[in-house]
Each structure stands twice: as structure tokens, then as C-alpha cells.
Amino acid sequence: MVNFSLEGKVALITGASYGIGFAIAAAYAQAGARIVFNDIKQELVDKGIEAYKAEGIEAHGYVCDVTDETQVNAMIARIEQEVGVIDILVNNAGIIKRIPMHEMSAADFRQVIDIDLNGPFIVSKAVIPAMMKKGGGKIINICSMMSELGRETVSAYAAAKGGLKMLTRNIASEYGEYNIQCNGIGPGYIATPQTAPLRERQPDGSRHPFDSFIVAKTPAARWGTTDDLTGPAVFLASAASDFVNGHVLYVDGGILAYIGKQPS
Ligand code: NAP
Ligand code: GCO
């Protein structure tokens, strides 16, 4: 019997007050997990707790910046005391800055790398020792199309997400013998606050050019929704994927397989 249950597991999803992280956490709760999440602002943690409550989920929320190792270590210690040892970690927290590279400051570049790549390193490093002691665990890194492809204005993000793909493979390599599986999810273009600027209606009411571009580049001919990611996320967090390690599962409607629709 294939086991997709997360019953009795403790799952930490970073940056999960809303967006992709929230949807994954809600799916994990539905599969039986106890939900822990963090955000950098108390007001967002509070809003997140209310949003989870509205879904019937008693989530544990913590204020923590994933780039701050002291804050992360303190949060993990509190979680282990107040909720339990973390069985499943989803490194979801992330930002993007869309700036042409030749105009991007080193500070902006560094901030994206810090949150999107150093953050997953810091949080994974904090949870792995207890996973090793417990006899195993699951780490899931939220990668991106930009783990494989580049495009204008997203140099820092692509560098970070490409690095996150290789960090995923290295954690899988270094900790597989401790029954820790580390995999990635590579969402396609998903309708969340992060991509809202790419979908805004134009002044004349027409679709944003990028919106039309993505629909033409996607065999599914639509943007993804956060619900599209929940099944793959539950699979990678469950015993059903115990022999899947170092893999990035692209949930992109087929973008990476497709040259794109010929312009009419
Ligand atoms: P989002 O709506 O912008 O949410 C990002 C979350 O991360 C927010 O809750 C944000 O909190 C939190 N966060 C940012 N910096 C943080 C930090 N230093 N410490 C802790 N939390 C932090 O993004 P999303 O669309 O849900 O994306 C979630 C993940 O999926 C990101 O890693 C993104 O790169 C990735 N992704 C998104 C898409 C897409 O199309 N949407 C596709 C592929 C991959 P604040 O609100 O307080 O900043
Ligand atoms: C962009 C988008 C993408 C998506 C996602 C695609 O500006 O190109 O924000 O980067 O967020 O990462 O997988």
C-alpha cells in the first residue's frame, strides 16, 4: 500500500503566511502533519495563524528571518521544545528582484542570494542533526524554472535558484545514508503575489504581454495555481518518495518540454 500519509509528522514550511508555502502547509495538514511556519514580521505571522485557523488548521507561527543563523537556531530549538522534532522541512521563503543585471546593485544581488540560497542552507543545517538522530527526514527546496533557464532581469534569482538545485543534490548526496531525502520542486509560473506584476491588466484592459507570453510557452496554456503544487509536495514529504533523492520535480504544465506556441 503506497503511503502518502503525513500523520504524526512535524512539518516546517518557511515563509508560509500566504502564497505557495501556505498552500503546501495546508495540504500537509490535510495529510495529517502538524504545521509550523515562519515569517519575518509578527503581523504576517499573526495573519498567517488566522488564515490557517480559517482552514481549520492549528498552525504554530514564529517570527524568523531565514538569513539570520542566530534567529533560525533559536526558532528550531523552540519548535523542538514546543511542537517536536522537525520531520519535514520545506525551504519556501524567497524573494525576486527584477532588475537588468547591468543596473543591479551588488547589494540587491546579494540580498536575493542571501534569502533564496543562504536561507535554505542555514535552515537545512539547523534541522539536519535532529533528523540524523531521529533516523531520517525530508527536505524539500522550492526551486524554479530559473533553476534551468535564464531570462532578462532575473540574474540574481536564477543564480540563487540554480544554486538551490545543486544544494538539493548535495544534501541528498551527503545525508542519504541517514535516511534523509532532499528533493526540489520547480514550480512553473504560478499566480501568487510574487508574480502579480507579470499579470497586471494593461491600461487599455488588455492582458500583460508577459501573461500572454507565458500562456504561449506553457503546453497547459495557463498559469499554475498553488493547488497544482500540493500533490507533488505531499508526495515528496511522504514515505511514498523514500527512494526519490536529489531530484527536482518540475510542476510547470510542460514549459521545460515545449518550444512555445507559434505566434498566430
Ligand atoms: P511570495 O508570495 O512572495 O511569498 C514569499 C514568502 O517568503 C512570504 O511569506 C515572505 O514573507 C517570505 N519571506 C521573504 N523573505 C523572507 C525571509 N528573509 N525570512 C523568512 N521569510 C521570508 O512568493 P511565492 O510566489 O509564494 O513563492 C514562494 C517560493 O516559491 C519562493 O521561493 C519563490 O521563489 C518560489 N517560486 C515561485 C513561483 C511563482 O511563480 N510564484 C515559481 C517558482 C518558484 P514577507 O511577505 O514578510 O516578505
Ligand atoms: C519571473 C518569475 C519567475 C517565477 C518562477 C518561475 O520573473 O520570471 O517571477 O521567476 O517566479 O520562479 O519558475
# chains A, B, ... in the order shown; residues from 1 in each chain; ligands from 1
>>> residues_near_ligand(ligand="ligand 2", cutoff="10 Å", atoms="only C-alpha atoms and all ligand atoms", output="short mmCIF file (atom, residue, chain, number, x, y, z; two decimals) with N, CA, C and O atoms, in the first residue's frame")
data_model
loop_
_atom_site.label_atom_id
_atom_site.label_comp_id
_atom_site.auth_asym_id
_atom_site.auth_seq_id
_atom_site.Cartn_x
_atom_site.Cartn_y
_atom_site.Cartn_z
N GLY A 94 11.29 33.08 -0.08
CA GLY A 94 12.13 33.56 -1.19
C GLY A 94 11.63 34.88 -1.72
O GLY A 94 10.47 35.23 -1.54
N ILE A 95 12.55 35.60 -2.35
CA ILE A 95 12.17 36.86 -3.00
C ILE A 95 12.72 36.89 -4.41
O ILE A 95 13.55 36.04 -4.78
N ILE A 96 12.28 37.84 -5.18
CA ILE A 96 12.84 38.07 -6.52
C ILE A 96 12.99 39.57 -6.69
O ILE A 96 12.20 40.34 -6.14
N LYS A 97 14.02 39.99 -7.39
CA LYS A 97 14.17 41.39 -7.77
C LYS A 97 14.37 41.40 -9.29
O LYS A 97 15.34 40.83 -9.79
N ARG A 98 13.46 42.05 -10.00
CA ARG A 98 13.54 42.06 -11.47
C ARG A 98 14.20 43.38 -11.92
O ARG A 98 13.56 44.39 -12.05
N ILE A 99 15.54 43.29 -12.10
CA ILE A 99 16.34 44.47 -12.48
C ILE A 99 17.34 44.05 -13.54
O ILE A 99 18.01 43.02 -13.36
N ILE A 142 12.16 24.72 -2.64
CA ILE A 142 11.33 25.27 -3.72
C ILE A 142 12.25 25.97 -4.71
O ILE A 142 12.73 27.08 -4.46
N CYS A 143 12.51 25.27 -5.80
CA CYS A 143 13.39 25.79 -6.85
C CYS A 143 12.56 26.63 -7.82
O CYS A 143 11.69 27.38 -7.38
N SER A 144 12.81 26.49 -9.12
CA SER A 144 12.15 27.39 -10.07
C SER A 144 12.47 26.97 -11.50
O SER A 144 13.44 26.25 -11.74
N MET A 145 11.69 27.50 -12.48
CA MET A 145 12.10 27.38 -13.88
C MET A 145 13.50 27.96 -14.04
O MET A 145 14.30 27.50 -14.84
N MET A 146 13.80 28.97 -13.19
CA MET A 146 15.09 29.63 -13.27
C MET A 146 16.20 28.81 -12.63
O MET A 146 17.35 29.23 -12.59
N SER A 147 15.88 27.61 -12.18
CA SER A 147 16.95 26.67 -11.83
C SER A 147 17.54 26.09 -13.10
O SER A 147 18.63 25.52 -13.09
N GLU A 148 16.80 26.23 -14.23
CA GLU A 148 17.22 25.65 -15.51
C GLU A 148 17.36 26.70 -16.62
O GLU A 148 18.14 26.51 -17.55
N LEU A 149 16.59 27.78 -16.51
CA LEU A 149 16.52 28.74 -17.62
C LEU A 149 16.86 30.14 -17.13
O LEU A 149 16.63 30.47 -15.97
N GLY A 150 17.36 30.98 -18.02
CA GLY A 150 17.56 32.39 -17.68
C GLY A 150 16.53 33.24 -18.39
O GLY A 150 15.81 32.75 -19.27
N ARG A 151 16.43 34.48 -17.94
CA ARG A 151 15.65 35.44 -18.72
C ARG A 151 16.10 36.83 -18.31
O ARG A 151 16.82 36.99 -17.31
N GLU A 152 15.70 37.82 -19.05
CA GLU A 152 16.08 39.20 -18.72
C GLU A 152 15.63 39.54 -17.30
O GLU A 152 14.59 39.10 -16.85
N THR A 153 16.44 40.29 -16.61
CA THR A 153 16.19 40.97 -15.32
C THR A 153 16.19 40.08 -14.08
O THR A 153 16.00 40.59 -12.98
N VAL A 154 16.42 38.77 -14.25
CA VAL A 154 16.34 37.92 -13.05
C VAL A 154 17.68 37.22 -12.75
O VAL A 154 17.71 36.09 -12.25
N SER A 155 18.80 37.90 -13.01
CA SER A 155 20.12 37.26 -12.86
C SER A 155 20.34 36.72 -11.44
O SER A 155 20.77 35.58 -11.25
N TYR A 157 18.15 36.00 -9.10
CA TYR A 157 17.19 34.93 -8.79
C TYR A 157 17.59 33.63 -9.47
O TYR A 157 17.59 32.56 -8.85
N ALA A 158 17.98 33.71 -10.74
CA ALA A 158 18.39 32.50 -11.47
C ALA A 158 19.65 31.90 -10.84
O ALA A 158 19.77 30.68 -10.67
N LYS A 161 18.50 30.23 -7.57
CA LYS A 161 17.69 29.01 -7.78
C LYS A 161 18.50 27.92 -8.48
O LYS A 161 18.27 26.73 -8.25
N ILE A 185 11.18 21.09 -5.68
CA ILE A 185 10.00 21.28 -6.52
C ILE A 185 10.30 22.51 -7.36
O ILE A 185 10.74 23.54 -6.83
N GLY A 186 10.13 22.39 -8.69
CA GLY A 186 10.36 23.53 -9.58
C GLY A 186 9.03 24.00 -10.14
O GLY A 186 8.58 23.50 -11.16
N PRO A 187 8.38 24.95 -9.44
CA PRO A 187 7.09 25.42 -9.95
C PRO A 187 7.28 26.16 -11.27
O PRO A 187 8.31 26.81 -11.47
N GLY A 188 6.31 26.07 -12.14
CA GLY A 188 6.31 26.91 -13.34
C GLY A 188 5.90 28.32 -12.94
O GLY A 188 6.32 28.82 -11.89
N TYR A 189 5.11 28.96 -13.78
CA TYR A 189 4.63 30.30 -13.43
C TYR A 189 3.30 30.18 -12.71
O TYR A 189 2.32 29.72 -13.28
N ILE A 190 3.34 30.54 -11.41
CA ILE A 190 2.21 30.33 -10.51
C ILE A 190 1.60 31.69 -10.13
O ILE A 190 2.34 32.66 -9.87
N ALA A 191 0.31 31.77 -10.10
CA ALA A 191 -0.37 33.03 -9.75
C ALA A 191 -0.32 33.25 -8.24
O ALA A 191 -1.09 32.66 -7.48
N THR A 192 0.65 34.05 -7.81
CA THR A 192 0.80 34.43 -6.39
C THR A 192 1.20 35.91 -6.35
O THR A 192 1.49 36.51 -7.39
N PRO A 193 1.29 36.49 -5.13
CA PRO A 193 1.72 37.91 -5.07
C PRO A 193 3.07 38.14 -5.77
O PRO A 193 3.32 39.19 -6.33
N GLN A 194 3.94 37.12 -5.73
CA GLN A 194 5.29 37.31 -6.32
C GLN A 194 5.22 37.55 -7.83
O GLN A 194 6.03 38.28 -8.38
N THR A 195 4.23 36.96 -8.50
CA THR A 195 4.14 37.13 -9.95
C THR A 195 3.04 38.10 -10.36
O THR A 195 2.79 38.29 -11.55
N ALA A 196 2.39 38.70 -9.38
CA ALA A 196 1.28 39.64 -9.71
C ALA A 196 1.72 40.71 -10.72
O ALA A 196 1.00 41.00 -11.68
N PRO A 197 2.94 41.29 -10.57
CA PRO A 197 3.33 42.34 -11.53
C PRO A 197 3.38 41.84 -12.98
O PRO A 197 3.27 42.62 -13.92
N LEU A 198 3.53 40.54 -13.17
CA LEU A 198 3.64 39.98 -14.53
C LEU A 198 2.27 39.68 -15.12
O LEU A 198 2.17 39.26 -16.28
N PHE A 210 3.61 39.78 -20.72
CA PHE A 210 4.27 38.61 -20.14
C PHE A 210 3.25 37.52 -19.85
O PHE A 210 3.51 36.32 -19.99
N ILE A 214 3.65 33.76 -21.30
CA ILE A 214 3.72 32.54 -20.50
C ILE A 214 2.65 31.55 -20.93
O ILE A 214 2.90 30.35 -21.03
N TYR A 250 9.68 19.17 -11.63
CA TYR A 250 9.15 20.41 -12.21
C TYR A 250 7.64 20.30 -12.37
O TYR A 250 7.15 19.37 -13.01
N VAL A 251 6.95 21.22 -11.75
CA VAL A 251 5.48 21.26 -11.81
C VAL A 251 5.14 22.51 -12.60
O VAL A 251 4.83 23.57 -12.06
N ASP A 252 5.29 22.39 -13.94
CA ASP A 252 5.31 23.59 -14.79
C ASP A 252 4.34 23.52 -15.96
O ASP A 252 4.43 24.31 -16.91
N ILE A 255 6.28 23.51 -19.47
CA ILE A 255 7.11 24.59 -20.05
C ILE A 255 8.48 24.09 -20.48
O ILE A 255 8.95 24.35 -21.58
#
>>> residues_around(residues="region 65-78 of chain A", least_positions_apart="6", cutoff="6 Å", atoms="only C-alpha atoms", output="PyMOL selection string")
chain A and resi 40+115+119
>>> write_last_selection(atoms="all heavy atoms", output="compact mmCIF listing (two decimals), in the first residue's frame")
# COMPACT_ATOMS: atom_id res chain seq x y z
N ILE A 40 8.94 36.97 8.48
CA ILE A 40 9.86 37.94 9.10
C ILE A 40 9.12 39.00 9.92
O ILE A 40 9.74 39.73 10.69
CB ILE A 40 10.75 38.66 8.06
CG1 ILE A 40 10.01 39.05 6.81
CG2 ILE A 40 11.96 37.83 7.74
CD1 ILE A 40 10.89 39.71 5.76
N ILE A 115 18.62 35.37 0.74
CA ILE A 115 17.32 34.81 1.13
C ILE A 115 17.05 33.49 0.40
O ILE A 115 16.64 32.50 1.00
CB ILE A 115 16.19 35.82 0.86
CG1 ILE A 115 16.36 37.05 1.76
CG2 ILE A 115 14.81 35.18 1.07
CD1 ILE A 115 15.48 38.22 1.39
N GLY A 119 19.57 31.19 2.89
CA GLY A 119 18.48 30.83 3.80
C GLY A 119 18.23 29.33 3.85
O GLY A 119 18.28 28.73 4.94
>>> atom_distance(atom1="CA of Ser173 (chain A)", atom2="atom 43 (C, counted along the ligand's line) of ligand 1")
23.7 Å
>>> atom_distance(atom1="CA of Pro232 (chain A)", atom2="CA of Lys165 (chain A)")
16.7 Å
>>> select_by_dssp(residues="region 21-173 of chain A", states="strand (DSSP E or B)", output="NGL selection string")
:A and (34-39 or 60-63 or 88-91 or 137-142)
>>> write_last_selection(atoms="N, CA and C atoms", output="mmCIF file, in the first residue's frame")
data_model
loop_
_atom_site.group_PDB
_atom_site.id
_atom_site.type_symbol
_atom_site.label_atom_id
_atom_site.label_comp_id
_atom_site.auth_asym_id
_atom_site.auth_seq_id
_atom_site.Cartn_x
_atom_site.Cartn_y
_atom_site.Cartn_z
ATOM 1 N N ARG A 34 1.518 18.115 11.619
ATOM 2 C CA ARG A 34 1.409 19.315 12.452
ATOM 3 C C ARG A 34 2.218 20.417 11.760
ATOM 4 N N ILE A 35 1.620 21.618 11.638
ATOM 5 C CA ILE A 35 2.183 22.664 10.785
ATOM 6 C C ILE A 35 2.899 23.726 11.604
ATOM 7 N N VAL A 36 4.120 24.011 11.188
ATOM 8 C CA VAL A 36 4.924 25.100 11.755
ATOM 9 C C VAL A 36 5.366 25.983 10.592
ATOM 10 N N PHE A 37 5.284 27.303 10.783
ATOM 11 C CA PHE A 37 5.739 28.200 9.711
ATOM 12 C C PHE A 37 6.398 29.422 10.316
ATOM 13 N N ASN A 38 7.105 30.178 9.516
ATOM 14 C CA ASN A 38 7.725 31.418 9.985
ATOM 15 C C ASN A 38 7.531 32.523 8.956
ATOM 16 N N ASP A 39 7.679 33.735 9.427
ATOM 17 C CA ASP A 39 7.713 34.887 8.531
ATOM 18 C C ASP A 39 8.550 35.945 9.219
ATOM 19 N N HIS A 60 1.530 26.547 14.111
ATOM 20 C CA HIS A 60 2.449 27.222 15.042
ATOM 21 C C HIS A 60 3.279 28.197 14.222
ATOM 22 N N GLY A 61 3.213 29.489 14.556
ATOM 23 C CA GLY A 61 3.915 30.508 13.769
ATOM 24 C C GLY A 61 5.027 31.163 14.564
ATOM 25 N N TYR A 62 6.148 31.434 13.900
ATOM 26 C CA TYR A 62 7.312 32.044 14.558
ATOM 27 C C TYR A 62 7.847 33.181 13.698
ATOM 28 N N VAL A 63 8.295 34.245 14.346
ATOM 29 C CA VAL A 63 8.955 35.325 13.615
ATOM 30 C C VAL A 63 10.423 34.934 13.461
ATOM 31 N N ILE A 88 9.815 17.185 8.468
ATOM 32 C CA ILE A 88 9.733 17.665 7.072
ATOM 33 C C ILE A 88 10.062 19.154 7.059
ATOM 34 N N LEU A 89 11.025 19.541 6.251
ATOM 35 C CA LEU A 89 11.350 20.960 6.064
ATOM 36 C C LEU A 89 11.094 21.334 4.613
ATOM 37 N N VAL A 90 10.306 22.408 4.409
ATOM 38 C CA VAL A 90 10.150 22.962 3.066
ATOM 39 C C VAL A 90 10.790 24.346 3.056
ATOM 40 N N ASN A 91 11.890 24.477 2.322
ATOM 41 C CA ASN A 91 12.551 25.788 2.180
ATOM 42 C C ASN A 91 11.829 26.558 1.086
ATOM 43 N N GLY A 137 14.461 12.017 7.617
ATOM 44 C CA GLY A 137 13.649 13.230 7.430
ATOM 45 C C GLY A 137 13.526 13.574 5.966
ATOM 46 N N LYS A 138 12.763 14.629 5.691
ATOM 47 C CA LYS A 138 12.519 15.066 4.311
ATOM 48 C C LYS A 138 12.849 16.554 4.217
ATOM 49 N N ILE A 139 13.639 16.919 3.220
ATOM 50 C CA ILE A 139 13.892 18.337 2.953
ATOM 51 C C ILE A 139 13.478 18.613 1.517
ATOM 52 N N ILE A 140 12.620 19.605 1.346
ATOM 53 C CA ILE A 140 12.110 19.944 0.016
ATOM 54 C C ILE A 140 12.421 21.416 -0.257
ATOM 55 N N ASN A 141 13.201 21.665 -1.305
ATOM 56 C CA ASN A 141 13.594 23.034 -1.652
ATOM 57 C C ASN A 141 12.750 23.535 -2.813
ATOM 58 N N ILE A 142 12.162 24.715 -2.644
ATOM 59 C CA ILE A 142 11.333 25.270 -3.717
ATOM 60 C C ILE A 142 12.249 25.974 -4.714
#
>>> residues_around(residues="Ala27 (chain A)", least_positions_apart="2", cutoff="9 Å", atoms="only C-alpha atoms", output="MDAnalysis selection string")
chainID A and resid 22:25 29:33 227 230:231 233:234
>>> write_last_selection(atoms="C-alpha atoms", output="PDB file, in the first residue's frame")
ATOM      1  CA  PHE A  22       0.639  28.392   2.717  1.00  0.00           C
ATOM      2  CA  ALA A  23      -0.913  26.049   0.118  1.00  0.00           C
ATOM      3  CA  ILE A  24       1.724  23.375   0.744  1.00  0.00           C
ATOM      4  CA  ALA A  25       1.289  23.680   4.532  1.00  0.00           C
ATOM      5  CA  ALA A  29      -2.186  19.427   7.436  1.00  0.00           C
ATOM      6  CA  GLN A  30      -4.814  17.621   5.363  1.00  0.00           C
ATOM      7  CA  ALA A  31      -2.375  14.677   5.124  1.00  0.00           C
ATOM      8  CA  GLY A  32      -2.045  14.624   8.923  1.00  0.00           C
ATOM      9  CA  ALA A  33       1.027  16.746   9.677  1.00  0.00           C
ATOM     10  CA  ASP A 227      -3.152  23.912  -5.713  1.00  0.00           C
ATOM     11  CA  THR A 230       0.203  20.418  -3.343  1.00  0.00           C
ATOM     12  CA  GLY A 231       0.061  16.829  -4.632  1.00  0.00           C
ATOM     13  CA  ALA A 233       4.648  18.416  -2.316  1.00  0.00           C
ATOM     14  CA  VAL A 234       2.771  15.762  -0.311  1.00  0.00           C
TER      15      VAL A 234
END
